[in-house]
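Student: What follows is data35.tsv, TSV, C-alpha atoms and all ligand atoms.
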```
chain	number	residue	atom	x	y	z
A	1	MET	CA	24.48	115.59	20.78
A	2	GLU	CA	21.65	115.86	18.33
A	3	ILE	CA	19.72	112.84	17.05
A	4	ASP	CA	17.18	113.05	14.24
A	5	VAL	CA	15.01	110.00	13.58
A	6	PHE	CA	13.30	109.71	10.19
A	7	THR	CA	10.23	107.52	10.61
A	8	LEU	CA	6.72	106.84	9.39
A	9	PHE	CA	5.59	106.51	13.02
A	10	PRO	CA	6.85	109.50	15.02
A	11	GLU	CA	4.18	108.93	17.65
A	12	TRP	CA	5.99	105.78	18.75
A	13	PHE	CA	8.63	108.03	20.34
A	14	GLU	CA	6.30	110.06	22.53
A	15	TRP	CA	6.48	107.57	25.38
A	16	PHE	CA	10.19	107.02	24.82
A	17	GLN	CA	11.14	110.62	25.41
A	18	THR	CA	9.27	110.74	28.71
A	19	GLN	CA	11.65	108.14	30.19
A	20	ARG	CA	13.78	109.61	32.93
A	21	HIS	CA	17.27	109.11	31.51
A	22	VAL	CA	16.13	110.33	28.10
A	23	ARG	CA	14.56	113.41	29.71
A	24	ASN	CA	17.71	113.96	31.75
A	25	ALA	CA	19.84	113.84	28.60
A	26	LEU	CA	17.49	116.27	26.86
A	27	ASP	CA	17.50	118.59	29.88
A	28	ALA	CA	21.30	118.47	29.81
A	29	GLY	CA	21.31	119.73	26.22
A	30	ALA	CA	20.85	116.69	23.96
A	31	ARG	CA	18.29	117.05	21.18
A	32	LEU	CA	16.00	114.35	19.84
A	33	THR	CA	13.84	115.10	16.80
A	34	TYR	CA	11.41	112.82	14.97
A	35	VAL	CA	10.83	113.62	11.35
A	36	ASP	CA	7.63	112.21	9.86
A	37	ILE	CA	8.74	110.98	6.43
A	38	ARG	CA	5.16	111.00	5.20
A	39	GLU	CA	4.80	114.72	5.89
A	40	HIS	CA	7.33	115.41	3.14
A	41	THR	CA	6.23	113.00	0.44
A	42	PRO	CA	5.95	114.58	-3.00
A	43	LEU	CA	3.50	111.84	-4.03
A	44	SER	CA	-0.26	112.13	-3.97
A	45	GLY	CA	-2.35	110.44	-1.34
A	46	ARG	CA	0.57	110.63	1.15
A	47	GLN	CA	2.13	107.64	-0.60
A	48	VAL	CA	5.60	106.69	0.65
A	49	ASP	CA	6.27	103.20	-0.65
A	50	ASP	CA	5.78	101.03	-3.69
A	51	THR	CA	5.92	97.43	-4.86
A	52	PRO	CA	9.41	95.96	-5.41
A	53	PHE	CA	10.82	95.79	-8.94
A	54	GLY	CA	11.31	92.16	-9.84
A	55	GLY	CA	8.29	91.13	-7.84
A	56	GLY	CA	7.95	89.78	-4.33
A	57	ALA	CA	5.94	90.48	-1.25
A	58	GLY	CA	5.73	93.75	0.66
A	59	MET	CA	6.28	97.40	-0.04
A	60	VAL	CA	9.56	99.27	-0.30
A	61	LEU	CA	10.13	102.80	1.05
A	62	ARG	CA	10.79	105.01	-1.98
A	63	VAL	CA	14.07	106.80	-2.55
A	64	ASP	CA	12.37	109.98	-3.81
A	65	VAL	CA	10.30	110.15	-0.63
A	66	MET	CA	13.36	109.85	1.62
A	67	ASP	CA	15.12	112.38	-0.61
A	68	ALA	CA	12.27	114.86	-0.06
A	69	ALA	CA	12.22	114.30	3.72
A	70	LEU	CA	15.99	114.69	4.15
A	71	SER	CA	16.30	117.73	1.90
A	72	ALA	CA	13.30	119.47	3.49
A	73	HIS	CA	14.58	118.89	7.00
A	74	TYR	CA	18.22	119.80	6.39
A	75	ARG	CA	17.61	122.35	3.61
A	76	MET	CA	20.32	120.86	1.43
A	77	ASP	CA	20.80	118.13	-1.14
A	78	ALA	CA	19.88	114.89	0.67
A	79	ALA	CA	23.00	113.21	-0.71
A	80	ALA	CA	25.16	115.85	0.97
A	81	VAL	CA	23.67	115.44	4.46
A	82	ARG	CA	25.97	112.53	5.25
A	83	ASP	CA	28.96	114.84	4.75
A	84	THR	CA	27.72	116.94	7.67
A	85	ARG	CA	26.65	114.25	10.21
A	86	ARG	CA	26.53	110.46	10.67
A	87	VAL	CA	23.52	109.21	8.67
A	88	ILE	CA	22.66	105.65	9.61
A	89	ALA	CA	20.21	103.33	7.87
A	90	LEU	CA	18.71	100.81	10.28
A	91	THR	CA	18.78	97.38	8.63
A	92	PRO	CA	18.78	93.83	10.02
A	93	ALA	CA	22.01	93.03	8.17
A	94	GLY	CA	23.89	96.20	9.15
A	95	ARG	CA	26.90	96.64	11.40
A	96	PRO	CA	25.98	94.95	14.68
A	97	LEU	CA	25.44	97.35	17.55
A	98	ASP	CA	27.80	96.70	20.44
A	99	GLU	CA	29.37	98.71	23.23
A	100	ALA	CA	32.24	100.00	21.06
A	101	TYR	CA	29.80	101.14	18.38
A	102	VAL	CA	27.56	102.82	20.98
A	103	ARG	CA	30.55	104.65	22.45
A	104	GLU	CA	31.65	105.75	19.01
A	105	LEU	CA	28.18	107.13	18.28
A	106	SER	CA	27.89	108.85	21.67
A	107	GLU	CA	31.00	110.87	20.79
A	108	GLN	CA	29.42	112.27	17.61
A	109	PRO	CA	27.86	115.72	17.61
A	110	ALA	CA	24.96	114.68	15.34
A	111	LEU	CA	23.28	111.47	14.20
A	112	THR	CA	20.49	110.77	11.76
A	113	LEU	CA	18.66	107.43	11.95
A	114	LEU	CA	16.62	106.23	8.97
A	115	CYS	CA	13.85	103.78	9.88
A	116	GLY	CA	12.49	101.37	7.29
A	117	ARG	CA	9.13	99.60	7.40
A	118	TYR	CA	7.41	96.78	5.51
A	119	GLU	CA	9.93	95.22	3.07
A	120	GLY	CA	12.55	97.84	3.92
A	121	LEU	CA	14.33	100.77	2.30
A	122	ASP	CA	15.02	101.18	-1.41
A	123	GLU	CA	18.72	100.28	-1.61
A	124	ARG	CA	19.55	103.67	-3.14
A	125	ILE	CA	18.63	105.27	0.20
A	126	VAL	CA	21.29	103.12	1.85
A	127	GLU	CA	23.86	103.73	-0.90
A	128	HIS	CA	23.43	107.44	-1.47
A	129	PHE	CA	21.93	108.99	1.65
A	130	ALA	CA	23.31	106.87	4.49
A	131	GLY	CA	26.97	106.56	5.35
A	132	GLU	CA	26.51	103.28	7.19
A	133	THR	CA	24.01	100.60	8.19
A	134	LEU	CA	23.30	99.48	11.74
A	135	SER	CA	21.63	96.33	13.04
A	136	ILE	CA	20.50	95.82	16.64
A	137	GLY	CA	20.68	92.06	16.17
A	138	ARG	CA	20.42	89.23	13.72
A	139	TYR	CA	16.61	89.07	13.67
A	140	VAL	CA	13.94	91.00	11.81
A	141	LEU	CA	11.68	93.58	13.44
A	142	SER	CA	8.64	95.02	11.71
A	143	GLY	CA	10.20	98.45	11.49
A	144	GLY	CA	13.20	100.53	12.43
A	145	GLU	CA	11.47	102.42	15.25
A	146	LEU	CA	12.35	99.99	18.05
A	147	ALA	CA	15.88	99.74	16.67
A	148	ALA	CA	16.12	103.54	16.70
A	149	MET	CA	14.96	103.62	20.31
A	150	VAL	CA	17.60	101.04	21.23
A	151	VAL	CA	20.28	103.19	19.62
A	152	CYS	CA	18.98	106.40	21.25
A	153	ASP	CA	18.70	104.74	24.65
A	154	ALA	CA	22.19	103.26	24.56
A	155	VAL	CA	23.76	106.46	23.22
A	156	LEU	CA	21.89	108.98	25.40
A	157	ARG	CA	22.63	107.14	28.64
A	158	LYS	CA	26.33	107.65	27.91
A	159	LEU	CA	25.95	111.42	27.96
A	160	PRO	CA	26.87	113.35	31.10
A	161	GLY	CA	23.82	113.91	33.32
A	162	ALA	CA	21.63	111.22	31.74
A	163	LEU	CA	21.91	108.78	34.62
A	164	GLY	CA	21.10	109.71	38.19
A	165	HIS	CA	24.39	108.39	39.49
A	166	ALA	CA	27.43	109.28	37.40
A	167	ASP	CA	29.23	106.06	38.32
A	168	SER	CA	26.42	103.89	36.95
A	169	ALA	CA	27.72	104.22	33.41
A	170	ALA	CA	31.40	104.23	34.33
A	171	GLU	CA	31.40	100.73	35.79
A	172	GLU	CA	28.92	98.57	33.96
A	173	SER	CA	29.03	95.67	31.54
A	174	PHE	CA	31.64	96.06	28.77
A	175	SER	CA	33.03	99.31	30.23
A	176	ASP	CA	36.76	100.04	30.36
A	177	ALA	CA	36.54	99.94	34.15
A	178	LEU	CA	35.71	96.23	33.86
A	179	GLY	CA	38.16	95.58	31.07
A	180	GLY	CA	35.32	95.14	28.59
A	181	MET	CA	33.89	92.24	30.62
A	182	PRO	CA	30.27	91.77	31.73
A	183	GLU	CA	29.36	93.31	35.06
A	184	TYR	CA	29.56	91.31	38.32
A	185	PRO	CA	26.34	90.17	40.04
A	186	HIS	CA	24.39	92.52	42.33
A	187	TYR	CA	22.37	91.71	45.44
A	188	THR	CA	20.19	93.73	47.80
A	189	ARG	CA	18.06	93.09	50.92
A	190	PRO	CA	17.05	90.65	52.28
A	191	ALA	CA	20.49	89.13	52.88
A	192	GLU	CA	18.83	85.72	52.95
A	193	TYR	CA	15.65	84.73	51.15
A	194	ARG	CA	14.21	81.21	51.03
A	195	GLY	CA	17.64	80.01	52.13
A	196	TRP	CA	19.37	81.80	49.22
A	197	LYS	CA	22.22	83.76	50.74
A	198	VAL	CA	24.01	86.82	49.48
A	199	PRO	CA	27.76	86.09	49.11
A	200	GLU	CA	29.34	86.72	52.51
A	201	VAL	CA	32.04	88.99	51.12
A	202	LEU	CA	29.44	91.61	50.15
A	203	LEU	CA	28.27	91.86	53.76
A	204	SER	CA	31.84	92.13	55.10
A	205	GLY	CA	32.20	95.89	54.66
A	206	HIS	CA	35.74	95.18	53.45
A	207	HIS	CA	36.05	97.37	50.34
A	208	ASP	CA	39.23	95.85	48.93
A	209	ARG	CA	37.90	92.30	49.24
A	210	ILE	CA	34.61	93.34	47.65
A	211	LYS	CA	36.44	95.03	44.79
A	212	ARG	CA	38.59	91.96	44.16
A	213	TRP	CA	35.57	89.64	44.37
A	214	ARG	CA	33.67	91.77	41.84
A	215	GLN	CA	36.59	91.88	39.44
A	216	GLU	CA	36.91	88.10	39.65
A	217	GLN	CA	33.15	87.58	39.10
A	218	SER	CA	33.29	89.89	36.13
A	219	ARG	CA	36.25	87.99	34.67
A	220	LEU	CA	34.51	84.62	35.21
A	221	ARG	CA	31.35	85.88	33.52
A	222	GLY	CA	33.44	87.00	30.59
A	223	LEU	CA	34.67	83.43	30.15
A	224	GLN	CA	31.14	82.03	30.05
A	225	ARG	CA	29.13	82.26	26.88
A	226	PRO	CA	25.39	82.35	27.54
A	301	LIG	C1	10.55	94.03	8.17
A	301	LIG	S1	12.06	94.92	8.16
A	301	LIG	C2	12.67	94.58	6.55
A	301	LIG	C3	13.43	93.31	6.49
A	301	LIG	C4	14.10	93.07	5.14
A	301	LIG	N1	13.13	92.74	4.15
A	301	LIG	C5	15.10	91.94	5.30
A	301	LIG	O1	14.75	90.80	5.07
A	301	LIG	O2	16.25	92.22	5.71
A	301	LIG	C6	11.56	96.58	8.06
A	301	LIG	C7	12.54	97.58	8.67
A	301	LIG	O3	12.72	97.31	10.03
A	301	LIG	C8	14.01	97.71	10.44
A	301	LIG	N2	14.66	96.58	11.10
A	301	LIG	C9	14.17	95.33	11.20
A	301	LIG	N3	14.99	94.54	11.90
A	301	LIG	C10	16.03	95.30	12.27
A	301	LIG	C11	17.22	95.05	13.02
A	301	LIG	N4	17.48	93.86	13.52
A	301	LIG	N5	18.08	96.08	13.23
A	301	LIG	C12	17.82	97.30	12.72
A	301	LIG	N6	16.71	97.59	12.00
A	301	LIG	C13	15.82	96.62	11.78
A	301	LIG	C14	14.73	98.21	9.20
A	301	LIG	O4	14.69	99.61	9.17
A	301	LIG	C15	13.93	97.58	8.08
A	301	LIG	O5	14.00	98.34	6.89
```
What do you get writing this file as structure tokens?

Tutor:
Amino acid sequence: MEIDVFTLFPEWFEWFQTQRHVRNALDAGARLTYVDIREHTPLSGRQVDDTPFGGGAGMVLRVDVMDAALSAHYRMDAAAVRDTRRVIALTPAGRPLDEAYVRELSEQPALTLLCGRYEGLDERIVEHFAGETLSIGRYVLSGGELAAMVVCDAVLRKLPGALGHADSAAEESFSDALGGMPEYPHYTRPAEYRGWKVPEVLLSGHHDRIKRWRQEQSRLRGLQRP
């Protein structure tokens, strides 16, 4: 798995890639690259954006700048990159990220994430360079960097070796093991705190009962809408 993130703020990712599961995934062979869009701009003064045609607030990331960054990095026509890998524009109104989408992405050999800033991406970037749009939720962030980290985190933790304990990803919220339901509740020591007791079944040592209780809790949680 290879993920390239096109961003105006590559330094945002320095901390991210020091996180243990990200490091584990990288050590196990995944690759994470941050491409500084500004480094490739053909415009003077390191310009990357411009005012929107038709008026309005904010600045729009220019299509020629993204073209230059993609073609320099991949050494091919930027419009052809999406024929070789999944190129995803991060946008608030894109396809909502959920477990099925994350799984789908984690099975890809290569992803490219395009981060917007300010007013967003020139729509021609979305139409001609990206093959799809992705949203991490129906709200607006200041830029695509946090959204890219969410995608990378969710995808990389699915890769073999990313998590310390292999079972952690196999049986968690929305996994097949739980029939797509949310995970059951967890408890640890102390068994009683301020009079709040851990469910007795979890202290029973009876594996079948515990398994059934967890499945039932998971099912009940699936019926509740927060
Ligand atoms: C301030 S936003 C632009 C919002 C845009 N003007 C709109 O109203 O939809 C700047 C950039 O942040 C990223 N972004 C913001 N919210 C996002 C979300 N919920 N999911 C994915 N990316 C998001 C996108 O890359 C976007 O181009």

Student: For ligand LIG 301 (chain A), take all atoms listed in the file, fit an axis-aligned box around them, add 4 Å to each of the six sides, then output centre and edge lengths in Å rounded to one decimal, as AutoDock Vina command-line options.

Tutor:
```
--center_x 14.3 --center_y 95.2 --center_z 8.8 --size_x 15.5 --size_y 16.8 --size_z 17.4
```

Student: Taking 4 positions as the minimum chain separation for residues in the same chain, which residues sit within 6 Å of A:Ala78 when counting all atoms listed in the file? Answer as a list in words.

Tutor: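 Contacts, with the query itself left out: Asp67, Leu70 and Ser71 of chain A.
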
Student: Which residues, written as a PyMOL selection string, have at least one atom at most 12 Å from A:Ile210, with only C-alpha atoms counted and residues fewer than 5 positions away on the same chain left out?

Tutor: chain A and resi 184-186+199-205+215-217

Student: Which residue out of A:Pro52, A:Ala69, A:Asp27, A:His206 has the minimum interatomic distance to A:His40 when only C-alpha atoms are used?

Tutor: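 Among the listed residues, the smallest separation from A:His40 belongs to A:Ala69.
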
Student: Show me which residues line ligand LIG 301 (chain A), defined as having an atom within 8 Å of a ligand atom where all atoms listed in the file count, and present them as number ranges by chain.

Tutor: A: 89-94, 114-121, 134-148

Student: Quick one, how far is atom CA of A:Ala80 from atom CA of A:Met149?

Tutor: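 Atom CA of A:Ala80 sits 25.1 Å away from atom CA of A:Met149.
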
Student: Distance cut-off 10 Å, centre (7.5, 109.2, 15.5) in file coordinates, counting only C-alpha atoms: which residues qualify? Return them as a VMD selection string.

Tutor: chain A and resid 5 to 14 16 33 to 37 145

Student: Take atom CA of A:Arg212 and atom CA of A:Glu172 and report the distance between them in Å, one decimal.

Tutor: 15.5 Å

Student: Quick one: of A:Val81, A:Leu220, A:Leu43, A:Leu105, who's nearest to A:Leu178, counting only C-alpha atoms?

Tutor: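 The answer is A:Leu220, which sits nearest to A:Leu178.
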
Student: Just to confirm, what's the straight-line distance from atom CA of A:Gly55 to atom CA of A:Ala130 in Å (one decimal)?

Tutor: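 Those two atoms sit 25.0 Å apart.
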